[in-house]
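Shown next: final-v3.cif, containing mmCIF, C-alpha atoms.
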data_final
#
loop_
_atom_site.label_atom_id
_atom_site.label_comp_id
_atom_site.auth_asym_id
_atom_site.auth_seq_id
_atom_site.Cartn_x
_atom_site.Cartn_y
_atom_site.Cartn_z
CA MET A 871 4.96 -15.56 9.86
CA ASN A 872 2.90 -12.46 10.49
CA LEU A 873 0.07 -10.92 8.52
CA ALA A 874 2.31 -8.62 6.49
CA GLN A 875 4.31 -11.55 5.22
CA ILE A 876 1.22 -13.54 4.32
CA LEU A 877 -0.14 -10.54 2.45
CA PHE A 878 3.20 -10.06 0.74
CA TYR A 879 3.32 -13.61 -0.53
CA ALA A 880 -0.31 -13.43 -1.66
CA MET A 881 0.30 -10.17 -3.54
CA ALA A 882 3.53 -11.45 -5.03
CA PHE A 883 1.79 -14.61 -6.21
CA ILE A 884 -1.07 -12.63 -7.75
CA ALA A 885 1.35 -10.25 -9.48
CA VAL A 886 3.57 -12.94 -10.94
CA ALA A 887 0.72 -15.27 -11.88
CA SER A 888 -1.28 -12.57 -13.63
CA ALA A 889 1.86 -11.36 -15.42
CA LEU A 890 2.45 -14.92 -16.60
CA TYR A 891 -1.13 -15.05 -17.81
CA VAL A 892 -0.60 -11.79 -19.70
CA ALA A 893 2.49 -13.27 -21.31
CA ALA A 894 0.86 -16.58 -22.19
CA THR A 895 -2.63 -15.63 -23.32
CA LYS A 896 -3.73 -15.52 -26.92
CA ASN A 897 -6.56 -13.14 -26.20
CA LEU A 898 -5.18 -9.62 -26.21
CA VAL A 899 -8.15 -7.99 -24.47
CA ARG A 900 -8.09 -10.57 -21.71
CA GLY A 901 -4.37 -9.93 -21.39
CA ILE A 902 -4.87 -6.19 -21.06
CA PHE A 903 -7.49 -6.63 -18.37
CA MET A 904 -5.28 -9.13 -16.57
CA PHE A 905 -2.57 -6.49 -16.64
CA PHE A 906 -4.93 -4.41 -14.44
CA VAL A 907 -4.67 -7.17 -11.85
CA THR A 908 -0.87 -7.17 -12.07
CA LEU A 909 -0.77 -3.43 -11.51
CA PHE A 910 -3.14 -3.57 -8.54
CA ALA A 911 -1.11 -6.36 -6.96
CA LEU A 912 2.04 -4.30 -7.50
CA ALA A 913 0.37 -1.35 -5.78
CA GLY A 914 -0.30 -3.67 -2.86
CA LEU A 915 3.38 -4.64 -2.83
CA TYR A 916 4.33 -0.95 -2.71
CA VAL A 917 2.08 -0.48 0.30
CA LEU A 918 3.82 -3.41 1.98
CA ALA A 919 7.15 -1.72 1.21
CA LEU A 920 5.76 1.25 3.17
CA ALA A 921 5.47 3.49 0.13
CA ASP A 922 1.78 4.36 0.24
CA PHE A 923 2.13 7.52 -1.85
CA VAL A 924 3.82 5.61 -4.67
CA ALA A 925 1.09 2.98 -4.44
CA VAL A 926 -1.67 5.55 -4.85
CA THR A 927 0.22 7.21 -7.70
CA GLN A 928 0.60 3.81 -9.32
CA ILE A 929 -3.15 3.26 -9.21
CA VAL A 930 -3.98 6.74 -10.46
CA ILE A 931 -1.47 6.90 -13.30
CA TYR A 932 -1.14 3.29 -14.38
CA VAL A 933 -4.66 2.03 -13.92
CA GLY A 934 -6.36 5.32 -14.66
CA GLY A 935 -4.12 6.53 -17.43
CA ILE A 936 -1.79 4.06 -19.01
CA LEU A 937 -4.18 1.14 -19.25
CA VAL A 938 -6.86 3.33 -20.76
CA LEU A 939 -4.27 4.49 -23.31
CA ILE A 940 -3.38 0.87 -24.10
CA LEU A 941 -7.06 0.04 -24.53
CA PHE A 942 -7.37 3.03 -26.87
CA ALA A 943 -4.40 1.81 -28.88
CA PHE A 944 -5.99 -1.61 -29.09
CA MET A 945 -9.40 -0.36 -30.16
CA LEU A 946 -8.15 2.20 -32.64
CA SER A 947 -5.84 -0.24 -34.37
CA GLY A 948 -8.82 -2.36 -35.26
CA ARG A 949 -9.44 -5.74 -36.69
CA GLU A 950 -5.99 -6.33 -38.16
CA THR A 951 -4.62 -6.64 -34.64
CA LEU A 952 -6.86 -9.57 -33.93
CA ASN A 953 -6.07 -11.15 -37.30
CA SER A 954 -2.34 -11.07 -36.65
CA LEU A 955 -3.03 -12.64 -33.28
CA GLY A 956 -5.06 -15.41 -34.87
CA GLU A 957 -2.14 -16.31 -37.10
CA GLN A 958 -0.10 -17.38 -34.14
CA LYS A 959 0.14 -21.08 -33.55
CA ASP A 960 -2.27 -22.71 -31.18
CA LYS A 961 0.39 -24.59 -29.31
CA LEU A 962 1.33 -23.13 -25.97
CA ILE A 963 5.01 -22.96 -26.85
CA SER A 964 5.67 -22.80 -30.54
CA SER A 965 9.18 -23.30 -31.82
CA GLY A 966 9.66 -19.61 -32.55
CA LYS A 967 9.26 -18.76 -28.88
CA ILE A 968 11.79 -21.21 -27.47
CA PRO A 969 14.83 -18.91 -27.79
CA GLY A 970 12.98 -16.10 -26.02
CA LEU A 971 11.78 -18.47 -23.31
CA VAL A 972 15.27 -19.90 -22.78
CA LEU A 973 16.81 -16.44 -22.64
CA ALA A 974 14.20 -15.18 -20.15
CA VAL A 975 14.55 -18.23 -17.90
CA LEU A 976 18.34 -18.07 -17.96
CA PHE A 977 18.24 -14.36 -17.22
CA PHE A 978 15.91 -15.02 -14.31
CA ALA A 979 18.21 -17.74 -12.97
CA ALA A 980 21.21 -15.41 -13.25
CA MET A 981 19.37 -12.60 -11.49
CA VAL A 982 18.17 -14.85 -8.66
CA ALA A 983 21.67 -16.25 -8.20
CA MET A 984 23.02 -12.71 -8.05
CA ILE A 985 20.33 -11.61 -5.57
CA LEU A 986 21.08 -14.56 -3.30
CA ARG A 987 24.78 -13.83 -3.52
CA VAL A 988 24.39 -10.12 -2.79
CA ASP A 989 22.08 -10.81 0.17
CA ALA A 990 20.54 -7.34 0.13
CA ASP A 991 19.47 -7.33 3.78
CA ASN A 992 23.08 -7.32 4.90
CA LEU A 993 24.44 -4.65 2.58
CA GLY A 994 26.66 -2.06 4.23
CA TRP A 995 24.56 1.01 3.66
CA ILE A 996 21.37 -0.76 4.69
CA LYS A 997 22.91 -1.82 7.99
CA GLN A 998 24.10 1.77 8.44
CA ALA A 999 20.58 3.03 7.80
CA VAL A 1000 19.17 0.59 10.32
CA THR A 1001 21.66 1.60 13.01
CA ALA A 1002 21.12 5.30 12.27
CA ASP A 1003 17.33 4.74 12.54
CA ASN A 1004 16.89 6.00 8.97
CA VAL A 1005 14.24 3.37 8.18
CA ILE A 1006 10.61 4.09 7.39
CA LYS A 1007 8.38 2.50 9.99
CA PRO A 1008 4.77 1.48 9.48
CA THR A 1009 3.62 4.19 11.84
CA ASP A 1010 5.44 7.02 10.08
CA ASN A 1011 3.70 9.57 7.92
CA SER A 1012 6.18 9.94 5.08
CA ILE A 1013 4.08 11.93 2.62
CA ASN A 1014 4.99 15.33 4.12
CA ASN A 1015 8.62 14.42 3.79
CA ILE A 1016 8.18 13.33 0.17
CA GLY A 1017 6.56 16.65 -0.69
CA ILE A 1018 9.30 18.67 0.99
CA ASN A 1019 12.05 16.63 -0.64
CA LEU A 1020 10.42 16.85 -4.05
CA MET A 1021 10.48 20.64 -3.88
CA THR A 1022 13.96 21.01 -2.36
CA THR A 1023 16.46 18.20 -2.86
CA TYR A 1024 14.99 16.81 -6.05
CA LEU A 1025 13.84 20.04 -7.66
CA LEU A 1026 16.15 19.70 -10.67
CA PRO A 1027 15.04 16.18 -11.66
CA PHE A 1028 11.47 17.26 -11.02
CA GLU A 1029 11.78 20.13 -13.50
CA ALA A 1030 13.62 17.92 -15.97
CA ILE A 1031 10.91 15.30 -15.84
CA SER A 1032 8.18 17.90 -16.26
CA ILE A 1033 9.88 19.28 -19.38
CA LEU A 1034 10.37 15.73 -20.67
CA LEU A 1035 6.70 14.95 -20.10
CA MET A 1036 5.65 18.08 -21.95
CA MET A 1037 7.98 17.24 -24.84
CA ALA A 1038 6.63 13.71 -25.00
CA LEU A 1039 3.02 14.89 -25.07
CA ILE A 1040 3.69 17.50 -27.76
CA GLY A 1041 5.60 14.89 -29.75
CA ALA A 1042 2.77 12.39 -29.39
CA ALA A 1043 0.23 14.94 -30.55
CA HIS A 1044 2.46 15.83 -33.49
CA ILE A 1045 3.06 12.22 -34.54
CA SER A 1046 -0.56 11.17 -34.38
CA ARG A 1047 -1.76 14.21 -36.36
CA LYS A 1048 -3.29 13.35 -39.69
CA GLU A 1049 -0.89 14.28 -42.44
CA PRO A 1050 -2.30 16.63 -45.05
CA ASP A 1051 -2.34 15.16 -48.53
CA ALA A 1052 0.94 16.08 -50.08
CA MET B 959 9.57 -7.79 8.43
CA ILE B 960 9.55 -8.77 4.80
CA SER B 961 13.09 -9.29 3.64
CA LEU B 962 14.53 -7.29 0.78
CA ASN B 963 15.46 -10.46 -1.10
CA ASP B 964 11.78 -11.34 -1.52
CA PHE B 965 11.08 -8.00 -3.17
CA LEU B 966 14.09 -8.41 -5.43
CA VAL B 967 13.06 -11.90 -6.51
CA VAL B 968 9.54 -10.73 -7.35
CA GLY B 969 11.04 -7.83 -9.30
CA ALA B 970 13.36 -10.19 -11.17
CA ALA B 971 10.44 -12.48 -12.04
CA LEU B 972 8.37 -9.60 -13.40
CA PHE B 973 11.36 -8.29 -15.34
CA CYS B 974 11.93 -11.65 -16.97
CA ILE B 975 8.27 -12.04 -17.88
CA GLY B 976 8.48 -8.62 -19.53
CA LEU B 977 11.67 -9.69 -21.30
CA TYR B 978 9.94 -12.82 -22.57
CA MET B 979 7.03 -10.79 -23.90
CA LEU B 980 9.42 -8.37 -25.56
CA LEU B 981 11.28 -11.20 -27.29
CA THR B 982 8.41 -13.34 -28.48
CA LYS B 983 5.29 -11.24 -29.04
CA ARG B 984 4.44 -10.06 -32.51
CA ASN B 985 2.08 -7.27 -31.62
CA ALA B 986 3.19 -3.77 -30.72
CA ILE B 987 0.64 -3.48 -27.92
CA GLN B 988 1.90 -6.63 -26.25
CA LEU B 989 5.45 -5.35 -26.59
CA LEU B 990 4.30 -2.18 -24.85
CA ILE B 991 2.80 -4.22 -22.02
CA GLY B 992 6.11 -6.08 -21.73
CA ILE B 993 7.98 -2.80 -21.42
CA GLU B 994 5.54 -1.65 -18.76
CA LEU B 995 6.13 -4.87 -16.82
CA MET B 996 9.89 -4.30 -16.94
CA LEU B 997 9.45 -0.70 -15.78
CA ASN B 998 7.25 -1.88 -12.94
CA ALA B 999 9.89 -4.37 -11.85
CA GLY B 1000 12.37 -1.49 -11.69
CA ILE B 1001 9.93 0.64 -9.71
CA LEU B 1002 9.38 -2.22 -7.27
CA ASN B 1003 13.10 -2.40 -6.61
CA LEU B 1004 13.34 1.37 -6.12
CA VAL B 1005 10.47 1.29 -3.64
CA ALA B 1006 11.85 -1.70 -1.75
CA PHE B 1007 15.22 -0.03 -1.27
CA GLY B 1008 13.57 3.34 -0.64
CA LYS B 1009 12.37 2.00 2.71
CA PHE B 1010 15.90 2.45 4.02
CA ASP B 1011 16.10 6.16 3.26
CA LYS B 1012 13.67 7.94 5.51
CA ILE B 1013 15.36 11.33 5.39
CA ASN B 1014 15.82 11.86 1.67
CA ASN B 1015 13.14 9.49 0.30
CA SER B 1016 15.29 9.00 -2.80
CA GLY B 1017 13.85 5.61 -3.70
CA GLN B 1018 10.23 6.66 -3.54
CA ILE B 1019 10.79 9.93 -5.37
CA PHE B 1020 12.64 8.28 -8.22
CA ALA B 1021 9.89 5.66 -8.33
CA LEU B 1022 7.46 8.53 -8.91
CA PHE B 1023 9.70 9.85 -11.68
CA ALA B 1024 9.80 6.39 -13.26
CA ILE B 1025 5.98 6.24 -13.19
CA VAL B 1026 5.85 9.60 -14.99
CA LEU B 1027 8.38 8.32 -17.52
CA ALA B 1028 6.19 5.28 -18.11
CA ALA B 1029 3.23 7.55 -18.80
CA ALA B 1030 5.27 9.55 -21.32
CA THR B 1031 6.49 6.34 -22.96
CA THR B 1032 2.97 5.05 -23.31
CA ALA B 1033 1.65 8.26 -24.82
CA VAL B 1034 4.39 8.35 -27.45
CA ALA B 1035 4.11 4.62 -28.12
CA LEU B 1036 0.36 4.95 -28.63
CA ALA B 1037 0.93 7.72 -31.16
CA ILE B 1038 3.55 5.66 -32.97
CA ILE B 1039 1.33 2.57 -33.00
CA LEU B 1040 -1.56 4.54 -34.47
CA THR B 1041 0.64 6.12 -37.14
CA VAL B 1042 2.17 2.77 -38.05
CA TYR B 1043 -1.27 1.22 -38.20
CA ARG B 1044 -2.51 3.95 -40.54
CA LYS B 1045 0.45 3.47 -42.86
CA TYR B 1046 0.93 -0.30 -42.83
CA LYS B 1047 -2.48 -1.62 -41.70
CA THR B 1048 -0.67 -3.86 -39.23
CA ILE B 1049 1.02 -3.41 -35.90
CA ASP B 1050 3.32 -6.39 -36.17
CA PRO B 1051 6.80 -4.85 -35.76
CA GLY B 1052 8.25 -7.58 -37.95
CA ARG B 1053 6.31 -6.32 -40.95
CA VAL B 1054 7.15 -2.68 -40.47
CA ASN B 1055 10.26 -2.69 -42.59
CA SER B 1056 10.71 0.68 -44.24
CA LEU B 1057 11.22 4.26 -43.17
CA LYS B 1058 9.16 7.19 -44.35
CA ASP B 1059 8.74 6.13 -47.97
#
Whole structure, structure tokens version:
Amino acid sequence: MNLAQILFYAMAFIAVASALYVAATKNLVRGIFMFFVTLFALAGLYVLALADFVAVTQIVIYVGGILVLILFAFMLSGRETLNSLGEQKDKLISSGKIPGLVLAVLFFAAMVAMILRVDADNLGWIKQAVTADNVIKPTDNSINNIGINLMTTYLLPFEAISILLMMALIGAAHISRKEPDA
Amino acid sequence: MISLNDFLVVGAALFCIGLYMLLTKRNAIQLLIGIELMLNAGILNLVAFGKFDKINNSGQIFALFAIVLAAATTAVALAIILTVYRKYKTIDPGRVNSLKD
């Protein structure tokens, strides 16, 4: 067991444990800040999957942007949010949550069974990639390649996503505008 | 090396935690966090498989696209949450039960 594997298991444990805390906690603010930890641990997992550029983007966009937006949503929606939280039962698992819990656990069991059955390391195309030496190695510098591919092979999805992002932002600005008194 | 199965199991766990939040929480912000967790599980899978495509980088590039999509989702969801809060004074989706009027 080398260092990368130890780091992987540590990051995976932090990610899953903090996500469980986010799901279980009653305190919404604590949950949001714990979600920071989940996202940082996920960025660490991306680094271990040799995708450093995605990891940095994750930190910049998720931690810098999305979480601040979520905090804004929390603070602007005010005291009622906390009141509706207080109405929830104090028990860890109240009866209303059992169906959701059962469904999530069963879904997880089904997915794990499927993953073990598929055995992703021995898939055909992955073996082909390994024999053709098409695998990213820890010493490679893949960011140049990502930039070139983004502007050549994936130019159409890139443009589509930029238009979608612009539409979403205009739509968000339009929705949140104060309506004039009709 | 870290095996792909480990990444997939971690992704499945995160996805199911997000699913649980989506099914049981009664607060739009927590639902949003659940959706973000599910999106992150998907991105983790894309990145893990993207390691085996050095030439085209398809996994990593679509992971970037998914991150941008998550940002767009959050912006729109924030706007909707604020509008719903202004109109209903609550962000419990169970109590938002009418359309415009």
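For the pair CA of Gly966 (chain A) and CA of Arg984 (chain B), the separation is 10.9 Å.
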What does the PyMOL selection byres ((chain A and resi 990-1001) around 12) select in this file, as JSON, numbers by chain?
{"A": [982, 984, 985, 986, 987, 988, 989, 1002, 1003, 1004, 1005, 1006, 1007], "B": [959, 960, 961, 962, 963, 964, 965, 966, 967, 1003, 1006, 1007, 1008, 1009, 1010, 1011, 1012, 1013, 1014]}
Expand the PyMOL selection byres ((chain A and resi 1035) around 12) into the explicit residue set it covers here, and present it as a VMD selection string.
(chain A and resid 1027 to 1034 1036 to 1042) or (chain B and resid 1023 to 1034)
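Residue nearest chain A within the list B:Val1054, B:Leu1036, B:Tyr1046, B:Phe1020: B:Leu1036 [criterion: smallest interatomic distance, all atoms listed in the file].
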Rounded to one decimal place, report the CA of Leu877 (chain A)-CA of Leu909 (chain A) distance in Å.
15.7 Å
Rounded to one decimal, what separation in Å do you get between CA of Val938 (chain A) and CA of Ala893 (chain A)?
19.1 Å
Have a look at B:Val968, B:Ala1021, B:Leu981, B:Asn1055 and name the one nearest to Thr908 (chain A); count all atoms listed in the file.
B:Val968
The PyMOL selection byres ((chain A and resi 879) around 12) resolved against shown file, as a list in words:
Met871, Asn872, Leu873, Ala874, Gln875, Ile876, Leu877, Phe878, Ala880, Met881, Ala882, Phe883, Ile884, Ala885, Val886, Ala887, Ala911, Leu912, Gly914, Leu915 and Leu918 of chain A; Ile960, Ser961, Asp964, Phe965, Val967 and Val968 of chain B
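If all atoms listed in the file are the atoms counted, then among B:Lys1047, B:Ser1056, B:Ala1035, B:Ile1001 the closest residue to Ala986 (chain B) is B:Ala1035.
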May I have the residues within 10 Å of Arg1047 (chain A) as a PyMOL selection string, using only C-alpha atoms and disregarding those fewer than 6 positions away in the same chain?
(chain A and resi 1041) or (chain B and resi 1037+1040-1041)
Since we have the selection now, will you write its residues out, keeping C-alpha atoms, as a CSV table (one decimal), keeping the file's coordinate frame?
chain,number,residue,atom,x,y,z
A,1041,GLY,CA,5.6,14.9,-29.8
B,1037,ALA,CA,0.9,7.7,-31.2
B,1040,LEU,CA,-1.6,4.5,-34.5
B,1041,THR,CA,0.6,6.1,-37.1
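Residues in contact range of Ile987 (chain B), defined as at most 9 Å between only C-alpha atoms, with sequence neighbours fewer than 4 positions away removed, read Leu898, Ile940, Ala943 and Phe944 of chain A; Ile991, Gly992, Ala1035, Leu1036, Ile1039 and Ile1049 of chain B.
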